[in-house]
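Structure file structure-v6.cif (mmCIF, C-alpha atoms and all ligand atoms) follows.
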data_coords
loop_
_atom_site.label_atom_id
_atom_site.label_comp_id
_atom_site.auth_asym_id
_atom_site.auth_seq_id
_atom_site.Cartn_x
_atom_site.Cartn_y
_atom_site.Cartn_z
CA MET J 1 24.73 20.76 34.59
CA SER J 2 26.64 24.03 35.02
CA GLU J 3 25.69 27.33 33.41
CA SER J 4 28.53 26.94 30.91
CA ASP J 5 27.47 23.47 29.93
CA PRO J 6 26.43 23.56 26.27
CA GLU J 7 23.38 21.50 27.18
CA ASN J 8 22.06 24.54 29.02
CA SER J 9 21.60 26.42 25.78
CA LEU J 10 19.67 23.47 24.42
CA ILE J 11 17.42 23.44 27.49
CA GLU J 12 16.83 27.16 26.97
CA LYS J 13 16.10 26.61 23.30
CA ALA J 14 13.71 23.74 24.06
CA ALA J 15 11.82 25.89 26.57
CA SER J 16 11.59 28.72 24.01
CA LEU J 17 10.25 26.40 21.34
CA ILE J 18 7.58 25.12 23.73
CA ARG J 19 6.48 28.54 24.88
CA GLU J 20 6.40 29.93 21.32
CA ALA J 21 4.16 27.06 20.19
CA GLY J 22 0.43 27.82 20.11
CA LYS J 23 -0.18 24.11 20.57
CA ALA J 24 2.45 21.93 22.19
CA THR J 25 2.15 18.15 22.38
CA ALA J 26 4.19 15.45 24.09
CA LEU J 27 4.24 11.95 22.62
CA THR J 28 5.49 9.51 25.23
CA GLY J 29 6.48 5.87 25.38
CA ALA J 30 7.78 3.32 27.83
CA GLY J 31 11.07 5.23 28.32
CA ILE J 32 9.38 7.94 30.38
CA SER J 33 8.22 5.34 32.92
CA ALA J 34 11.54 3.45 33.02
CA GLU J 35 12.73 5.71 35.86
CA SER J 36 9.59 4.71 37.80
CA GLY J 37 10.78 1.11 37.66
CA ILE J 38 8.47 -0.03 34.87
CA PRO J 39 10.43 -1.95 32.25
CA THR J 40 10.42 -0.83 28.61
CA PHE J 41 9.54 -3.29 25.84
CA ARG J 42 12.61 -3.20 23.63
CA GLY J 43 16.31 -2.92 24.42
CA LYS J 44 18.41 -5.24 26.52
CA ASP J 45 16.23 -5.24 29.66
CA GLY J 46 13.00 -4.88 27.71
CA LEU J 47 9.95 -7.06 28.38
CA TRP J 48 10.05 -8.47 24.85
CA GLN J 49 13.50 -9.95 25.57
CA LYS J 50 11.99 -12.16 28.25
CA TYR J 51 8.44 -12.61 27.04
CA ASP J 52 6.96 -13.41 23.67
CA PRO J 53 4.37 -10.81 22.63
CA GLU J 54 2.67 -13.44 20.47
CA GLU J 55 1.92 -15.44 23.63
CA LEU J 56 0.89 -12.52 25.84
CA ALA J 57 -0.27 -9.52 23.91
CA THR J 58 -2.57 -10.74 21.15
CA GLU J 59 -6.25 -11.59 21.09
CA SER J 60 -5.52 -15.12 19.87
CA ALA J 61 -3.08 -15.67 22.78
CA PHE J 62 -5.88 -14.63 25.13
CA ARG J 63 -8.36 -16.98 23.48
CA GLN J 64 -5.90 -19.89 23.67
CA ASN J 65 -4.65 -19.28 27.19
CA PRO J 66 -6.43 -16.51 29.11
CA GLU J 67 -4.93 -17.66 32.43
CA ARG J 68 -1.39 -17.17 31.17
CA VAL J 69 -2.25 -13.74 29.80
CA TRP J 70 -3.98 -12.68 33.05
CA GLU J 71 -1.07 -13.95 35.11
CA TRP J 72 1.28 -11.67 33.14
CA TYR J 73 -1.12 -8.75 33.46
CA TRP J 74 -1.54 -9.21 37.22
CA PHE J 75 2.27 -9.13 37.49
CA ARG J 76 2.39 -5.86 35.51
CA ILE J 77 -0.59 -4.38 37.40
CA ASP J 78 1.37 -4.96 40.63
CA LEU J 79 4.40 -3.18 39.13
CA VAL J 80 2.25 -0.20 38.18
CA ARG J 81 0.57 -0.10 41.61
CA LYS J 82 3.97 0.11 43.29
CA ALA J 83 5.34 2.67 40.84
CA LYS J 84 5.23 6.41 41.40
CA PRO J 85 5.32 9.17 38.79
CA ASN J 86 8.93 10.30 38.32
CA PRO J 87 10.31 13.82 37.66
CA GLY J 88 9.74 13.33 33.90
CA HIS J 89 5.98 12.75 34.35
CA LEU J 90 5.77 15.59 36.87
CA ALA J 91 7.56 17.97 34.49
CA LEU J 92 5.05 17.26 31.71
CA ALA J 93 2.18 17.89 34.15
CA GLU J 94 3.79 21.19 35.06
CA MET J 95 4.16 22.12 31.37
CA GLU J 96 0.42 21.55 30.98
CA ARG J 97 -0.28 23.87 33.93
CA LEU J 98 1.99 26.57 32.53
CA HIS J 99 1.25 26.40 28.82
CA PRO J 100 -2.11 27.50 27.42
CA ASP J 101 -2.51 24.46 25.14
CA PHE J 102 -0.40 21.47 26.12
CA MET J 103 -1.38 17.86 25.61
CA VAL J 104 0.13 14.43 26.24
CA MET J 105 -0.37 11.51 23.90
CA THR J 106 0.96 8.30 25.37
CA GLN J 107 1.47 4.72 24.30
CA ASN J 108 1.84 3.78 27.96
CA VAL J 109 -0.89 1.89 29.76
CA ASP J 110 0.38 2.67 33.28
CA GLY J 111 -1.70 5.81 33.94
CA LEU J 112 1.33 7.58 35.46
CA HIS J 113 0.71 10.78 33.50
CA PHE J 114 -2.67 11.12 35.21
CA ARG J 115 -1.18 10.29 38.58
CA ALA J 116 1.45 12.99 38.00
CA GLY J 117 -1.29 15.57 37.45
CA SER J 118 -1.59 15.73 33.66
CA ARG J 119 -5.23 16.07 32.64
CA ASN J 120 -5.14 16.53 28.88
CA VAL J 121 -3.95 12.99 28.12
CA LEU J 122 -4.76 10.69 25.23
CA GLU J 123 -4.00 7.04 25.95
CA PHE J 124 -3.36 5.17 22.69
CA HIS J 125 -3.17 1.66 24.10
CA GLY J 126 -5.74 1.74 26.90
CA ASN J 127 -4.99 1.42 30.58
CA ILE J 128 -3.71 -1.62 32.45
CA MET J 129 -5.63 -0.56 35.56
CA ARG J 130 -8.92 -1.24 33.75
CA ALA J 131 -10.57 -4.49 32.66
CA ARG J 132 -13.26 -4.92 30.03
CA CYS J 133 -15.91 -7.61 29.69
CA THR J 134 -15.44 -9.80 26.61
CA SER J 135 -19.26 -10.08 26.31
CA CYS J 136 -21.05 -6.97 27.52
CA GLY J 137 -18.09 -4.59 27.01
CA ARG J 138 -18.49 -2.92 30.42
CA LYS J 139 -15.29 -1.50 31.85
CA PHE J 140 -14.11 -1.80 35.46
CA ASP J 141 -11.27 -0.44 37.48
CA VAL J 142 -9.09 -3.46 38.36
CA ASP J 143 -9.57 -2.52 42.03
CA GLU J 144 -13.30 -3.21 41.57
CA ILE J 145 -12.84 -6.80 40.40
CA LYS J 146 -11.67 -9.94 42.16
CA ARG J 147 -8.05 -10.85 41.66
CA GLU J 148 -8.61 -14.26 40.12
CA LYS J 149 -6.82 -16.41 37.58
CA LEU J 150 -9.75 -15.73 35.29
CA PRO J 151 -11.56 -12.61 36.50
CA ARG J 152 -15.28 -12.45 35.73
CA CYS J 153 -17.52 -9.52 34.89
CA PRO J 154 -19.37 -8.31 38.03
CA GLU J 155 -22.38 -7.51 35.81
CA CYS J 156 -22.83 -10.46 33.43
CA GLY J 157 -20.37 -13.04 34.78
CA ASP J 158 -18.46 -13.46 31.53
CA LEU J 159 -14.70 -13.36 31.13
CA LEU J 160 -12.93 -10.04 31.60
CA ARG J 161 -9.85 -9.01 29.64
CA PRO J 162 -7.35 -6.21 30.25
CA ASP J 163 -8.63 -2.97 28.70
CA VAL J 164 -5.56 -2.51 26.55
CA VAL J 165 -4.84 -2.65 22.84
CA TRP J 166 -3.04 -5.81 21.76
CA PHE J 167 -0.99 -6.43 18.64
CA GLY J 168 -3.28 -6.83 15.66
CA GLU J 169 -6.09 -4.85 17.30
CA SER J 170 -7.25 -1.44 16.21
CA LEU J 171 -7.06 1.60 18.40
CA ASP J 172 -10.28 3.17 19.62
CA PRO J 173 -11.45 5.17 16.55
CA ASP J 174 -12.18 8.19 18.73
CA VAL J 175 -8.63 8.16 20.11
CA LEU J 176 -7.22 7.75 16.60
CA GLU J 177 -9.22 10.65 15.27
CA LYS J 178 -8.19 12.95 18.12
CA ALA J 179 -4.53 11.93 17.77
CA ASP J 180 -4.54 12.45 14.05
CA LYS J 181 -6.16 15.88 14.37
CA ARG J 182 -3.79 16.98 17.10
CA ALA J 183 -0.72 15.77 15.21
CA ARG J 184 -1.78 17.84 12.20
CA GLU J 185 -2.46 20.93 14.32
CA THR J 186 0.40 20.92 16.78
CA ASP J 187 3.15 23.51 16.46
CA LEU J 188 5.56 21.52 18.55
CA LEU J 189 6.02 17.84 19.29
CA LEU J 190 8.06 16.67 22.26
CA VAL J 191 8.85 13.00 21.61
CA VAL J 192 9.89 11.28 24.84
CA GLY J 193 11.10 7.74 25.52
CA THR J 194 9.63 5.94 22.56
CA SER J 195 11.43 3.79 19.99
CA LEU J 196 8.81 4.92 17.41
CA LEU J 197 8.51 1.40 16.11
CA VAL J 198 4.81 0.76 16.71
CA TYR J 199 2.14 2.31 14.52
CA PRO J 200 0.04 4.39 14.55
CA ALA J 201 1.90 6.29 17.29
CA ALA J 202 5.07 6.08 15.22
CA SER J 203 3.43 8.10 12.44
CA ILE J 204 2.61 11.07 14.71
CA PRO J 205 6.00 12.80 14.19
CA LEU J 206 5.59 12.45 10.42
CA LEU J 207 2.13 14.01 10.51
CA ALA J 208 3.45 16.82 12.69
CA LYS J 209 6.39 17.35 10.34
CA GLU J 210 4.02 17.73 7.39
CA ARG J 211 2.91 21.04 8.80
CA GLU J 212 6.42 21.89 9.87
CA ALA J 213 5.94 21.47 13.58
CA ARG J 214 9.12 21.85 15.60
CA ILE J 215 10.36 18.57 17.07
CA ILE J 216 12.21 17.99 20.34
CA GLU J 217 13.25 14.46 21.19
CA VAL J 218 14.33 13.04 24.54
CA ASN J 219 15.61 9.50 24.28
CA LEU J 220 18.66 7.56 25.40
CA GLU J 221 18.99 6.21 21.87
CA GLU J 222 18.49 7.48 18.36
CA THR J 223 15.21 6.93 16.58
CA TYR J 224 14.09 7.62 13.04
CA ILE J 225 13.14 11.18 14.04
CA SER J 226 16.46 12.09 15.75
CA ALA J 227 18.14 13.42 12.62
CA GLU J 228 15.12 15.56 11.74
CA ALA J 229 14.46 16.91 15.21
CA ASP J 230 15.23 20.54 16.04
CA ILE J 231 16.75 19.31 19.30
CA SER J 232 17.56 15.73 20.19
CA PHE J 233 18.54 15.06 23.79
CA ARG J 234 20.41 11.81 24.44
CA ASN J 235 19.52 11.93 28.15
CA LYS J 236 17.08 10.49 30.61
CA ALA J 237 13.61 11.98 30.49
CA GLY J 238 13.62 12.43 34.27
CA GLU J 239 16.73 14.60 34.00
CA VAL J 240 15.96 16.75 30.97
CA LEU J 241 12.22 17.42 31.29
CA PRO J 242 12.39 19.03 34.77
CA LEU J 243 15.09 21.43 33.51
CA ILE J 244 12.89 22.45 30.59
CA ALA J 245 9.86 22.83 32.88
CA GLU J 246 11.88 24.99 35.24
CA ARG J 247 12.88 27.33 32.40
CA LEU J 248 9.26 27.56 31.33
CA ARG J 249 8.13 28.30 34.88
CA ARG J 250 10.68 31.10 35.20
CA TYR J 251 9.51 32.59 31.93
CA TYR J 252 5.83 32.57 32.91
CA GLU J 253 6.61 33.90 36.41
CA ASN J 254 8.63 36.79 35.00
CA ARG J 255 5.86 37.65 32.61
CA SER J 256 3.13 37.91 35.22
P1 LIG Y 301 10.06 0.76 23.63
O1 LIG Y 301 10.44 -0.21 24.69
O2 LIG Y 301 9.98 0.24 22.23
O3 LIG Y 301 11.07 1.98 23.61
C1 LIG Y 301 11.44 2.66 24.78
C2 LIG Y 301 12.34 3.81 24.38
O4 LIG Y 301 12.63 4.56 25.55
C3 LIG Y 301 13.67 3.39 23.78
O5 LIG Y 301 13.86 4.10 22.57
C4 LIG Y 301 14.72 3.78 24.84
O6 LIG Y 301 15.93 4.23 24.26
C5 LIG Y 301 14.01 4.91 25.54
N1 LIG Y 301 14.37 5.10 26.97
C6 LIG Y 301 14.59 4.16 27.92
N2 LIG Y 301 14.78 4.72 29.13
C7 LIG Y 301 14.67 6.06 28.95
C8 LIG Y 301 14.76 7.18 29.82
N3 LIG Y 301 14.99 7.06 31.12
N4 LIG Y 301 14.59 8.42 29.28
C9 LIG Y 301 14.37 8.58 27.94
N5 LIG Y 301 14.27 7.55 27.07
C10 LIG Y 301 14.42 6.31 27.57
O7 LIG Y 301 8.68 1.43 24.11
P2 LIG Y 301 7.57 2.15 23.24
O8 LIG Y 301 8.16 2.94 22.14
O9 LIG Y 301 6.68 2.84 24.20
O10 LIG Y 301 2.52 -1.70 22.72
O11 LIG Y 301 6.79 0.91 22.63
C11 LIG Y 301 5.65 1.11 21.87
C12 LIG Y 301 4.67 -0.02 22.08
O12 LIG Y 301 5.32 -1.26 21.86
C13 LIG Y 301 4.13 -0.14 23.50
O13 LIG Y 301 3.08 0.74 23.76
C14 LIG Y 301 3.70 -1.58 23.54
C15 LIG Y 301 4.91 -2.20 22.90
O14 LIG Y 301 4.75 -3.41 22.33
C16 LIG Y 301 1.62 -2.65 22.99
O15 LIG Y 301 1.73 -3.41 23.92
C17 LIG Y 301 0.47 -2.65 22.04
#
Could you quickly redo this structure as structure tokens?
Amino acid sequence: MSESDPENSLIEKAASLIREAGKATALTGAGISAESGIPTFRGKDGLWQKYDPEELATESAFRQNPERVWEWYWFRIDLVRKAKPNPGHLALAEMERLHPDFMVMTQNVDGLHFRAGSRNVLEFHGNIMRARCTSCGRKFDVDEIKREKLPRCPECGDLLRPDVVWFGESLDPDVLEKADKRARETDLLLVVGTSLLVYPAASIPLLAKEREARIIEVNLEETYISAEADISFRNKAGEVLPLIAERLRRYYENRS
């Protein structure tokens, strides 16, 4: 992008909106991890084109065929292990370091925000790198358990399941409460790489809008919030977010 590129003024505006916000919040989805080689769910190369969520991402699918579900999860765990945080994740981590009150809410289960250095992260759908016992409820890092077709709880010996939220399941009430509160308090919402089709995450922009939060969207495609956003970037997260973070950094450096 050159200095005269009109996008530059949008980058500048986005950085101003973030720095003027007392509380700034990013809501992320699979799109932010696409540039790390982790497939999204929807769209032409999305996981749900190849796989049926009813067979792989519901509690009843797990009860009927836990081996099939674990096989799919081991495949995705391997993808996540190989993946690295990309410039989009790193830019959000930098925004958190720069801004006095910046938080990430994510629908992603890949843990890449943490690996990029973000600390104030709320994971809506759990984390694929953790397993949970179906009996005693204890949680384990997947590196602590045996890689088996049907992994067993190291404590009680019962069947483990991925520690993620499946379709039809409720989110952790604590996570829901925190997300709801933050959405109602935030002055700015940066919506990145999510189709906004899955609730309750999809309702976060509406809650934020109720108190007139400013909205910035970064997505390759339009979503229901695009028309209402203050700025809507039709670009890759890994391209736009580092430019915004750089503007923010310059601002904070010049101030100190
Ligand atoms: P989706 O796969 O529904 O949407 C991904 C979005 O990212 C799309 O809107 C793309 O246009 C956009 N996108 C793709 N690459 C991008 C890039 N490089 N930069 C910016 N945007 C990009 O993923 P989610 O909205 O996260 O839930 O899906 C929500 C939930 O549905 C997931 O958490 C998962 C899924 O079923 C469960 O498994 C419970």
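Taking atom CA of Gly43 of chain J as the reference point, atom CA of Leu10 of chain J is found at 26.6 Å.
Computed from the coordinates, the atom CA of Ile38 of chain J to atom CA of Ala83 of chain J distance equals 7.3 Å.
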Using all atoms listed in the file: which of J:Leu122, J:Ala131, J:Leu220, J:Ala229 has the shortest distance to Leu27 of chain J
J:Leu122
May I ask you to write as a PyMOL selection string all residues lying at most 9 Å from ligand LIG 301 (chain Y), with only C-alpha atoms and all ligand atoms counted?
chain J and resi 28-36+39-43+46-48+53+57-58+88+106-109+124-125+164-169+192-199+201-202+218-223+233-240
Atom CA of Lys209 of chain J and atom CA of Leu241 of chain J, how far apart in Å?
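These two atoms are separated by 21.7 Å.
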